[in-house]
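Chemist: Sharing a structure, written as structure tokens. Questions coming.
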Amino acid sequence: MNEYTVGLISDTHGLLRNDAFNHLKGCDAIIHAGDICDDNIISKLSTIAPVHAVRGNMDGNVNYPANCLLTVGKHTFYILHDLDRLDLDPQAADIDVVVFGHSHRPGSFLRHAVLYINPGSAGPKRMSLPISLAKLHLKNGRLIPEFIELK
């Protein structure tokens, strides 16, 4: 199989919206980039697909790692909560995608052939920032981000 969809979610802060859950159905894997604040969120997401989660600054001393490496198909992902705490050179480490959260601002950019992507915050509404998640479609070696604004 050379086509995968990876669901990207972050900053749920204890709230898993039905809309978020429904949009993640059908994903081959789910990444939660921290500030989970309720283990039941990971349990519920695990009913859809394998979940790879990291600890955010609001998660305290939970059993999630500060960062995580994941391979999906031929692509390597590095997951952390706060991009300012990136402790390696993704290009030198042959990482294709860096997934992060923390800022609550959805977006993506390329740097030295590495895709950096923040799905935004899927939790409680904060200021004027959108409530969002993302999907990353891996098709024939291409990385295609899709951002989804939640209700």
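Going through the structure tokens in order, the chains are called A, B, and so on, while each chain numbers its residues from 1 and the ligands are numbered from 1 in the order shown.
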With a cut-off of 9 Å, could you pull out the residues of range 13-50 of chain A touching range 99-114 of chain A and give me the nearest pair of atoms for each, distance in Å to one decimal, using only C-alpha atoms, ordered by chain and ascending number, as a tab-separated table?

Modeler:
residue	atom	partner	partner_atom	distance
A:Ile31	CA	A:Val99	CA	8.1
A:His32	CA	A:Gly101	CA	8.7
A:Ala33	CA	A:Phe100	CA	5.5
A:Gly34	CA	A:Gly101	CA	6.8
A:Asp35	CA	A:His102	CA	7.6

Chemist: For Pro90 in chain A, find every residue with an atom within 8 Å (counting only C-alpha atoms), except residues of its own chain fewer than 6 positions away, and show them as a VMD selection string.

Modeler: chain A and resid 78 96 98 114

Chemist: Mind dumping a table of every range 51-123 of chain A residue within 9 Å of range 134-137 of chain A, with the nearest atom pair and its distance in Å to one decimal, using only C-alpha atoms, sorted by chain and rising number, as CSV?

Modeler:
residue,atom,partner,partner_atom,distance
A:Pro106,CA,A:Ala134,CA,8.2
A:Ile117,CA,A:Ala134,CA,8.7
A:Asn118,CA,A:Ala134,CA,8.0
A:Pro119,CA,A:Ala134,CA,4.9
A:Gly120,CA,A:Ala134,CA,7.9

Chemist: Would you work out the distance separating CA of Ser43 in chain A from CA of Tyr64 in chain A, expressed in Å to one decimal?

Modeler: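 Computing it gives 13.2 Å between the two atoms.
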
Chemist: Give me the residues within 8 Å of range 18-30 of chain A as a VMD selection string, counting only C-alpha atoms and dropping any in the same chain fewer than 3 places off.

Modeler: chain A and resid 4 to 9 45 48 to 52 122 133 135 150 to 151

Chemist: Go ahead and write the selection's residues with N, CA and C atoms as an mmCIF file, in the first residue's frame.

Modeler:
data_model
loop_
_atom_site.group_PDB
_atom_site.id
_atom_site.type_symbol
_atom_site.label_atom_id
_atom_site.label_comp_id
_atom_site.auth_asym_id
_atom_site.auth_seq_id
_atom_site.Cartn_x
_atom_site.Cartn_y
_atom_site.Cartn_z
ATOM 1 N N TYR A 4 -1.736 6.498 2.375
ATOM 2 C CA TYR A 4 -2.124 6.517 3.785
ATOM 3 C C TYR A 4 -2.714 7.885 4.100
ATOM 4 N N THR A 5 -3.554 7.913 5.123
ATOM 5 C CA THR A 5 -4.038 9.174 5.672
ATOM 6 C C THR A 5 -3.722 9.177 7.157
ATOM 7 N N VAL A 6 -3.006 10.207 7.584
ATOM 8 C CA VAL A 6 -2.642 10.356 8.992
ATOM 9 C C VAL A 6 -3.434 11.532 9.553
ATOM 10 N N GLY A 7 -4.204 11.277 10.606
ATOM 11 C CA GLY A 7 -4.952 12.331 11.276
ATOM 12 C C GLY A 7 -4.040 13.065 12.242
ATOM 13 N N LEU A 8 -4.107 14.382 12.238
ATOM 14 C CA LEU A 8 -3.275 15.214 13.099
ATOM 15 C C LEU A 8 -4.181 16.064 13.986
ATOM 16 N N ILE A 9 -3.968 15.949 15.287
ATOM 17 C CA ILE A 9 -4.786 16.692 16.244
ATOM 18 C C ILE A 9 -3.875 17.165 17.367
ATOM 19 N N LEU A 45 -9.818 7.901 20.657
ATOM 20 C CA LEU A 45 -9.195 7.977 19.337
ATOM 21 C C LEU A 45 -8.631 6.623 18.907
ATOM 22 N N ILE A 48 -10.401 4.321 16.529
ATOM 23 C CA ILE A 48 -10.370 4.624 15.091
ATOM 24 C C ILE A 48 -9.123 4.028 14.447
ATOM 25 N N ALA A 49 -7.966 4.299 15.068
ATOM 26 C CA ALA A 49 -6.667 3.907 14.483
ATOM 27 C C ALA A 49 -5.611 3.977 15.579
ATOM 28 N N PRO A 50 -4.430 3.407 15.338
ATOM 29 C CA PRO A 50 -3.347 3.550 16.321
ATOM 30 C C PRO A 50 -3.039 5.036 16.557
ATOM 31 N N VAL A 51 -2.853 5.402 17.825
ATOM 32 C CA VAL A 51 -2.592 6.793 18.199
ATOM 33 C C VAL A 51 -1.167 6.921 18.711
ATOM 34 N N HIS A 52 -0.484 7.950 18.245
ATOM 35 C CA HIS A 52 0.874 8.268 18.675
ATOM 36 C C HIS A 52 0.801 9.655 19.297
ATOM 37 N N ALA A 122 -7.832 21.681 18.588
ATOM 38 C CA ALA A 122 -9.153 21.064 18.434
ATOM 39 C C ALA A 122 -9.960 21.160 19.724
ATOM 40 N N LEU A 133 -8.242 20.725 13.021
ATOM 41 C CA LEU A 133 -7.348 19.567 12.988
ATOM 42 C C LEU A 133 -6.868 19.466 11.552
ATOM 43 N N LYS A 135 -5.376 16.575 8.307
ATOM 44 C CA LYS A 135 -5.059 15.243 7.810
ATOM 45 C C LYS A 135 -3.865 15.413 6.875
ATOM 46 N N LEU A 150 -13.269 23.017 12.499
ATOM 47 C CA LEU A 150 -14.334 22.312 13.210
ATOM 48 C C LEU A 150 -15.420 23.279 13.634
ATOM 49 N N LYS A 151 -16.604 22.709 13.849
ATOM 50 C CA LYS A 151 -17.753 23.496 14.295
ATOM 51 C C LYS A 151 -17.630 23.830 15.756
#
